[in-house]
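Listing of work-v8.txt; format and content: compact mmCIF, C-alpha atoms.
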# COMPACT_ATOMS: atom_id res chain seq x y z
CA VAL A 193 -29.15 46.39 -34.79
CA ARG A 194 -26.43 46.69 -32.16
CA ASN A 195 -22.82 45.59 -32.21
CA PRO A 196 -22.65 42.03 -30.84
CA TYR A 197 -20.21 42.71 -28.01
CA ASP A 198 -22.43 45.26 -26.27
CA ALA A 199 -25.62 43.43 -27.28
CA ILE A 200 -24.54 40.10 -25.80
CA ASP A 201 -23.31 41.67 -22.57
CA SER A 202 -26.56 43.65 -22.23
CA TYR A 203 -28.59 40.48 -22.80
CA PHE A 204 -26.46 38.70 -20.20
CA ASN A 205 -27.22 41.38 -17.59
CA LEU A 206 -30.91 41.34 -18.50
CA MET A 207 -31.23 37.59 -18.07
CA MET A 208 -29.12 37.49 -14.91
CA THR A 209 -30.81 40.36 -13.06
CA ARG A 210 -34.17 40.24 -14.87
CA THR A 211 -34.11 44.03 -15.13
CA HIS A 212 -33.05 46.53 -17.78
CA THR A 213 -31.38 48.77 -15.23
CA THR A 214 -28.92 46.71 -13.16
CA SER A 215 -25.80 44.70 -13.94
CA VAL A 216 -24.01 41.69 -12.53
CA SER A 217 -21.17 42.74 -10.23
CA GLU A 218 -17.62 42.40 -11.49
CA GLU A 219 -16.81 40.14 -8.53
CA VAL A 220 -19.54 37.65 -9.41
CA ARG A 221 -18.67 37.83 -13.10
CA ALA A 222 -14.96 37.20 -12.45
CA LYS A 223 -15.69 34.06 -10.44
CA ASN A 224 -17.79 32.59 -13.22
CA ARG A 225 -16.03 33.66 -16.39
CA ALA A 226 -16.50 30.23 -17.98
CA ALA A 227 -20.30 30.51 -17.77
CA PHE A 228 -20.23 33.91 -19.48
CA GLU A 229 -17.92 32.67 -22.22
CA GLU A 230 -20.09 29.62 -22.92
CA MET A 231 -23.16 31.84 -23.17
CA ALA A 232 -21.35 34.32 -25.45
CA MET A 233 -20.30 31.57 -27.86
CA LYS A 234 -23.94 30.55 -28.21
CA GLU A 235 -25.34 34.06 -28.49
CA ILE A 236 -22.92 35.17 -31.20
CA GLN A 237 -24.47 32.53 -33.45
CA VAL A 238 -27.96 33.75 -32.55
CA TRP A 239 -26.91 37.34 -33.26
CA ARG A 240 -25.50 36.43 -36.68
CA ASP A 241 -28.35 34.16 -37.78
CA PHE A 242 -31.05 36.59 -36.60
CA HIS A 243 -29.65 39.48 -38.62
CA GLU A 244 -28.86 37.37 -41.67
CA TYR A 245 -32.47 36.17 -41.65
CA TRP A 246 -33.87 39.70 -41.84
CA LEU A 247 -31.26 40.85 -44.34
CA ALA A 248 -32.43 38.05 -46.64
CA GLN A 249 -36.14 38.91 -46.51
CA GLU A 250 -37.72 40.40 -49.64
CA ILE A 251 -39.54 43.20 -47.83
CA PRO A 252 -38.92 46.96 -47.51
CA THR A 253 -36.21 47.21 -44.86
CA LEU A 254 -34.62 50.11 -43.02
CA LEU A 255 -31.32 49.38 -41.32
CA VAL A 256 -30.97 51.35 -38.08
CA ARG A 257 -28.01 50.99 -35.75
CA TYR A 258 -28.30 51.38 -31.99
CA GLU A 259 -25.05 53.33 -31.97
CA ASP A 260 -26.50 55.94 -34.34
CA LEU A 261 -29.85 56.01 -32.56
CA THR A 262 -28.34 56.86 -29.18
CA ARG A 263 -26.08 59.61 -30.55
CA HIS A 264 -28.35 61.13 -33.21
CA THR A 265 -31.78 60.22 -31.87
CA ASP A 266 -33.81 62.93 -33.61
CA ARG A 267 -32.30 62.34 -37.05
CA VAL A 268 -32.54 58.56 -36.85
CA MET A 269 -36.16 58.71 -35.65
CA ALA A 270 -37.02 61.02 -38.53
CA ARG A 271 -35.75 58.33 -40.92
CA VAL A 272 -37.68 55.64 -39.05
CA LEU A 273 -40.93 57.60 -39.31
CA GLU A 274 -40.31 58.35 -42.99
CA HIS A 275 -39.94 54.64 -43.60
CA ALA A 276 -42.90 53.60 -41.46
CA LEU A 277 -45.24 56.23 -42.93
CA ASP A 278 -43.84 55.83 -46.46
CA VAL A 279 -43.23 59.55 -46.95
CA ASP A 280 -40.32 61.40 -48.55
CA HIS A 281 -39.74 63.98 -45.83
CA MET A 282 -40.63 64.67 -42.22
CA HIS A 283 -41.11 68.45 -42.25
CA PHE A 284 -44.43 68.16 -40.42
CA PHE A 285 -42.93 66.12 -37.58
CA CYS A 286 -39.47 67.71 -37.34
CA ARG A 287 -40.39 70.22 -34.62
CA ARG A 288 -42.23 67.55 -32.62
CA ILE A 289 -39.27 65.18 -32.86
CA GLU A 290 -36.86 67.90 -31.75
CA HIS A 291 -39.11 68.69 -28.78
CA CYS A 292 -39.39 65.07 -27.68
CA PHE A 293 -35.67 64.46 -27.78
CA ALA A 294 -34.50 67.72 -26.28
CA ALA A 295 -32.17 67.11 -23.36
CA GLU A 296 -34.46 68.82 -20.87
CA THR A 297 -37.58 66.86 -21.80
CA ILE A 298 -36.52 63.32 -22.76
CA GLU A 299 -36.42 62.16 -19.12
CA LYS A 300 -40.06 63.24 -18.75
CA LEU A 301 -41.37 61.01 -21.53
CA GLY A 302 -41.94 58.11 -19.13
CA SER A 303 -39.20 55.75 -20.30
CA TYR A 304 -37.00 53.99 -17.77
CA LYS A 305 -33.41 55.06 -17.24
CA PRO A 306 -31.26 52.22 -18.65
CA ARG A 307 -28.12 50.87 -17.04
CA SER A 308 -25.03 52.96 -17.61
CA GLY A 309 -22.94 51.86 -20.52
CA GLY A 310 -21.71 53.24 -23.78
CA ILE A 311 -20.53 52.14 -27.17
CA GLY A 312 -17.90 49.46 -26.75
CA LYS A 313 -17.87 49.63 -22.95
CA ALA A 314 -18.55 45.88 -22.78
CA LEU A 315 -15.50 44.98 -24.86
CA LYS A 316 -13.33 44.73 -21.75
CA LYS A 317 -15.58 41.92 -20.49
CA TYR A 318 -14.24 39.64 -23.23
CA SER A 319 -10.79 38.09 -23.16
CA PRO A 320 -8.67 38.41 -26.34
CA GLU A 321 -9.04 34.67 -26.85
CA LEU A 322 -12.83 34.85 -26.57
CA LEU A 323 -13.03 37.81 -28.95
CA GLN A 324 -11.03 35.89 -31.52
CA LYS A 325 -13.44 32.96 -31.26
CA LEU A 326 -16.51 35.20 -31.44
CA ASN A 327 -15.29 36.93 -34.59
CA VAL A 328 -14.97 33.69 -36.52
CA GLY A 329 -17.94 33.48 -38.85
CA ILE A 330 -19.37 36.98 -38.31
CA VAL A 331 -17.05 39.09 -40.48
CA ASP A 332 -19.44 39.18 -43.44
CA THR A 333 -22.44 40.06 -41.26
CA MET A 334 -20.48 42.77 -39.43
CA GLN A 335 -19.52 44.39 -42.72
CA LYS A 336 -23.10 44.28 -44.02
CA LEU A 337 -24.25 46.16 -40.92
CA GLY A 338 -21.48 48.75 -41.04
CA TYR A 339 -19.52 47.24 -38.16
CA GLY A 340 -16.39 46.26 -40.08
CA SER A 341 -14.09 48.41 -37.95
CA PHE A 342 -15.62 46.97 -34.77
CA LEU A 343 -13.77 43.72 -35.43
CA VAL A 344 -10.63 45.48 -34.19
CA PRO A 345 -10.37 44.77 -30.42
CA ASN A 346 -9.74 48.42 -29.57
CA THR A 347 -12.66 50.84 -29.35
CA GLU A 348 -10.39 53.78 -30.17
CA ASP A 349 -10.09 52.33 -33.67
CA TRP A 350 -13.84 51.91 -34.15
CA ASP A 351 -15.38 54.09 -36.84
CA LEU A 352 -18.44 55.68 -35.24
CA THR A 353 -19.46 57.63 -38.31
CA PRO A 354 -23.25 57.16 -38.63
CA LEU A 355 -24.74 55.32 -41.56
CA PRO A 356 -25.34 57.55 -44.60
CA GLY A 357 -28.50 59.52 -43.91
CA TYR A 358 -28.48 58.05 -40.37
CA ALA A 359 -30.15 54.86 -41.63
CA THR A 360 -29.84 52.64 -44.69
CA LYS A 361 -32.88 51.79 -46.77
CA LEU A 362 -32.43 48.44 -48.46
CA ALA A 363 -33.99 48.31 -51.92
CA ARG A 364 -36.48 45.49 -51.66
CA PRO A 365 -39.81 44.62 -53.31
CA ARG A 366 -42.99 45.02 -51.31
CA GLY A 367 -43.25 41.41 -50.29
CA THR A 368 -44.49 39.89 -47.06
CA VAL A 369 -43.00 37.74 -44.34
CA ILE A 370 -44.81 35.56 -41.80
CA VAL A 371 -43.09 35.60 -38.42
CA ASN A 372 -43.15 33.08 -35.58
CA GLN A 373 -43.22 30.14 -37.95
CA GLY A 374 -40.55 27.61 -38.85
CA ASP A 375 -37.33 26.94 -36.98
CA LEU A 376 -36.16 29.16 -34.14
CA VAL A 377 -32.89 31.05 -34.41
CA ARG A 378 -32.11 30.19 -30.78
CA THR A 379 -32.27 26.40 -31.02
CA ASN A 380 -32.12 24.06 -28.04
CA GLU A 381 -28.38 23.72 -28.60
CA LEU A 382 -27.96 27.50 -28.43
CA ASN A 383 -30.32 28.01 -25.51
CA THR A 384 -28.88 28.93 -22.10
CA ASN A 385 -30.23 27.57 -18.82
CA TRP A 386 -30.35 30.91 -17.03
CA GLY A 387 -31.65 29.46 -13.78
CA GLN A 388 -28.64 27.18 -13.59
CA ILE A 389 -26.26 29.99 -14.51
CA ARG A 390 -27.72 32.26 -11.81
CA ARG A 391 -27.28 29.54 -9.21
CA GLN A 392 -23.70 28.89 -10.34
CA MET A 393 -22.90 32.58 -10.06
CA GLY A 394 -24.57 32.95 -6.68
CA VAL A 395 -27.30 35.23 -7.96
CA THR A 396 -30.56 34.73 -6.05
CA ASP A 397 -33.09 32.88 -8.17
CA GLY A 398 -36.03 33.72 -5.96
CA ASN A 399 -38.12 36.87 -5.96
CA PRO A 400 -36.58 39.21 -8.56
CA GLY A 401 -37.82 42.23 -6.61
CA PRO A 402 -40.18 45.00 -7.71
CA CYS A 403 -40.69 45.60 -11.39
CA GLN A 404 -38.40 48.31 -12.75
CA CYS A 405 -40.56 49.43 -15.67
CA TRP A 406 -41.64 53.08 -15.75
CA LYS A 407 -45.34 52.26 -15.27
CA CYS A 408 -44.71 50.41 -12.00
CA LYS A 409 -42.36 53.12 -10.79
CA GLN A 410 -45.04 55.74 -11.46
CA LYS A 411 -47.54 53.71 -9.42
CA GLU A 412 -45.07 53.59 -6.52
CA MET A 413 -44.68 57.37 -6.66
CA ASN A 414 -48.44 58.03 -6.66
Structure translated into structure tokens:
Amino acid sequence: VRNPYDAIDSYFNLMMTRTHTTSVSEEVRAKNRAAFEEMAMKEIQVWRDFHEYWLAQEIPTLLVRYEDLTRHTDRVMARVLEHALDVDHMHFFCRRIEHCFAAETIEKLGSYKPRSGGIGKALKKYSPELLQKLNVGIVDTMQKLGYGSFLVPNTEDWDLTPLPGYATKLARPRGTVIVNQGDLVRTNELNTNWGQIRRQMGVTDGNPGPCQCWKCKQKEMN
């Protein structure tokens, strides 16, 4: 999971630029604030309903927060692998995990370099009035995910202490869930016409340019 303010802004940049690495300019964003606010009001409902759906499923669940993953990558990934492999400890993999996420080697793993950001950096993109509207109806979900302090519109007051053990294992029976069936979380009413938004904001809706994924970049270099 990721806090909704950064998640929604990241999704906005993804859909506007169709890349994971670039962002809409502040000039373009400022001229079309209404379009961003309309999208945010829809996406906050999607964010809430999506997470509430998975929190309600009767299956073994490990709660991992993006904020913990980016700051304590090795420890969080150890918990993820423990959960996925259904083991009690990761002694065998610890050295391999430490090697993969060492500062001098992580850039060589082939992943793309994401757009610059940071925890709470997107908060300034939301007006106080919009934040107040977004927070209506998500308080309970935010608290369940350990984001209670994030409801305060000042990142200096956010509690960035990682989840206990760097991830929270929810005690659930070993049930099953069938995905991609039933109603969508993002209904037609909550869907955004991104082509129309791009045209309104003056973002070219033609050729999005070369693919920015690491595989395509490697091909260009060879």
How many Å separate atom CA of Ala226 of chain A from atom CA of Thr209 of chain A?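 About the pair atom CA of Ala226 of chain A and atom CA of Thr209 of chain A: they are 18.2 Å apart.
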Listed atoms of segment 357-373 of chain A boxed along x, y and z, 8 Å each side, centre and edge lengths in Å, one decimal, as AutoDock Vina command-line options:
--center_x -36.6 --center_y 44.8 --center_z -44.4 --size_x 32.3 --size_y 45.4 --size_z 33.7
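Proximity of A:Val369, A:Leu355, A:Leu382, A:Ala222 to Trp246 of chain A, computed with all atoms listed in the file, is greatest for A:Val369.
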From A:Glu274, A:Glu244, A:Glu229, A:Asp375, residue lying nearest Phe204 of chain A [all atoms listed in the file]: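 Under the stated criterion, the closest residue is A:Glu229.
Closest approach to Gly312 of chain A among A:Asn385, A:Thr347, A:Thr262, A:Ser202 is made by A:Thr347 (distances from all atoms listed in the file).
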Report, in Å with one decimal, the straight-line distance from atom CA of Asp260 of chain A to atom CA of Gly340 of chain A.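 The value is 15.1 Å.
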Each residue of segment 199-272 of chain A with at least one atom at most 12 Å from segment 318-338 of chain A should appear once, together with its nearest atom pair and the corresponding distance in Å (one decimal); atoms considered: all atoms listed in the file; ordering: chain, then increasing residue number; output as JSON lines.
{"residue": "A:Ile200", "atom": "CA", "partner": "A:Tyr318", "partner_atom": "CA", "distance": 10.6}
{"residue": "A:Asp201", "atom": "CA", "partner": "A:Tyr318", "partner_atom": "CA", "distance": 9.3}
{"residue": "A:Arg221", "atom": "CA", "partner": "A:Tyr318", "partner_atom": "CA", "distance": 11.2}
{"residue": "A:Ala222", "atom": "CA", "partner": "A:Tyr318", "partner_atom": "CA", "distance": 11.1}
{"residue": "A:Arg225", "atom": "CA", "partner": "A:Tyr318", "partner_atom": "CA", "distance": 9.3}
{"residue": "A:Ala226", "atom": "CA", "partner": "A:Leu322", "partner_atom": "CA", "distance": 10.4}
{"residue": "A:Phe228", "atom": "CA", "partner": "A:Tyr318", "partner_atom": "CA", "distance": 9.1}
{"residue": "A:Glu229", "atom": "CA", "partner": "A:Leu322", "partner_atom": "CA", "distance": 7.0}
{"residue": "A:Glu230", "atom": "CA", "partner": "A:Leu322", "partner_atom": "CA", "distance": 9.7}
{"residue": "A:Met231", "atom": "CA", "partner": "A:Leu326", "partner_atom": "CA", "distance": 11.1}
{"residue": "A:Ala232", "atom": "CA", "partner": "A:Leu326", "partner_atom": "CA", "distance": 7.8}
{"residue": "A:Met233", "atom": "CA", "partner": "A:Leu326", "partner_atom": "CA", "distance": 6.4}
{"residue": "A:Lys234", "atom": "CA", "partner": "A:Leu326", "partner_atom": "CA", "distance": 9.3}
{"residue": "A:Glu235", "atom": "CA", "partner": "A:Leu326", "partner_atom": "CA", "distance": 9.4}
{"residue": "A:Ile236", "atom": "CA", "partner": "A:Leu326", "partner_atom": "CA", "distance": 6.4}
{"residue": "A:Gln237", "atom": "CA", "partner": "A:Ile330", "partner_atom": "CA", "distance": 8.3}
{"residue": "A:Val238", "atom": "CA", "partner": "A:Ile330", "partner_atom": "CA", "distance": 10.8}
{"residue": "A:Trp239", "atom": "CA", "partner": "A:Ile330", "partner_atom": "CA", "distance": 9.1}
{"residue": "A:Arg240", "atom": "CA", "partner": "A:Ile330", "partner_atom": "CA", "distance": 6.4}
{"residue": "A:Asp241", "atom": "CA", "partner": "A:Thr333", "partner_atom": "CA", "distance": 9.0}
{"residue": "A:Phe242", "atom": "CA", "partner": "A:Thr333", "partner_atom": "CA", "distance": 10.4}
{"residue": "A:His243", "atom": "CA", "partner": "A:Thr333", "partner_atom": "CA", "distance": 7.7}
{"residue": "A:Glu244", "atom": "CA", "partner": "A:Thr333", "partner_atom": "CA", "distance": 7.0}
{"residue": "A:Tyr245", "atom": "CA", "partner": "A:Thr333", "partner_atom": "CA", "distance": 10.8}
{"residue": "A:Trp246", "atom": "CA", "partner": "A:Thr333", "partner_atom": "CA", "distance": 11.5}
{"residue": "A:Leu247", "atom": "CA", "partner": "A:Lys336", "partner_atom": "CA", "distance": 8.9}
{"residue": "A:Ala248", "atom": "CA", "partner": "A:Lys336", "partner_atom": "CA", "distance": 11.5}
{"residue": "A:Leu254", "atom": "CA", "partner": "A:Leu337", "partner_atom": "CA", "distance": 11.3}
{"residue": "A:Leu255", "atom": "CA", "partner": "A:Leu337", "partner_atom": "CA", "distance": 7.8}
{"residue": "A:Val256", "atom": "CA", "partner": "A:Leu337", "partner_atom": "CA", "distance": 9.0}
{"residue": "A:Arg257", "atom": "CA", "partner": "A:Leu337", "partner_atom": "CA", "distance": 8.0}
{"residue": "A:Tyr258", "atom": "CA", "partner": "A:Leu337", "partner_atom": "CA", "distance": 11.1}
{"residue": "A:Glu259", "atom": "CA", "partner": "A:Gly338", "partner_atom": "CA", "distance": 10.8}
{"residue": "A:Asp260", "atom": "CA", "partner": "A:Gly338", "partner_atom": "CA", "distance": 11.0}
For Val216 of chain A, which of A:Asn372, A:Tyr197, A:Ile389, A:Val395 is the closest residue, counting only C-alpha atoms?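 Looking at the shortest contact to Val216 of chain A, the residue is A:Val395.
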Test item: residues at most 12 Å from Pro365 of chain A, all atoms listed in the file, excluding those fewer than 2 positions along its chain, as a ChimeraX atom specification: /A:248-253,361-363,367-369
Between atom CA of Glu381 of chain A and atom CA of Glu219 of chain A, what is the spacing in Å?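 These atoms are spaced 28.4 Å apart.
With only C-alpha atoms as the atoms that count, the residue of A:Ile289, A:Lys316, A:Asp266, A:Phe342 with the shortest distance to Arg194 of chain A is A:Phe342.
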What's around segment 278-287 of chain A at 12 Å? Count only C-alpha atoms, leave out sequence neighbours fewer than 3 positions away in its own chain, and write the answer as an NGL selection string. :A and (252-254 or 266-275 or 290-294 or 361 or 366)
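Taking only C-alpha atoms into account, Thr353 of chain A lies nearest to A:Leu261 out of the set A:Ala227, A:Ala199, A:Met208, A:Leu261.
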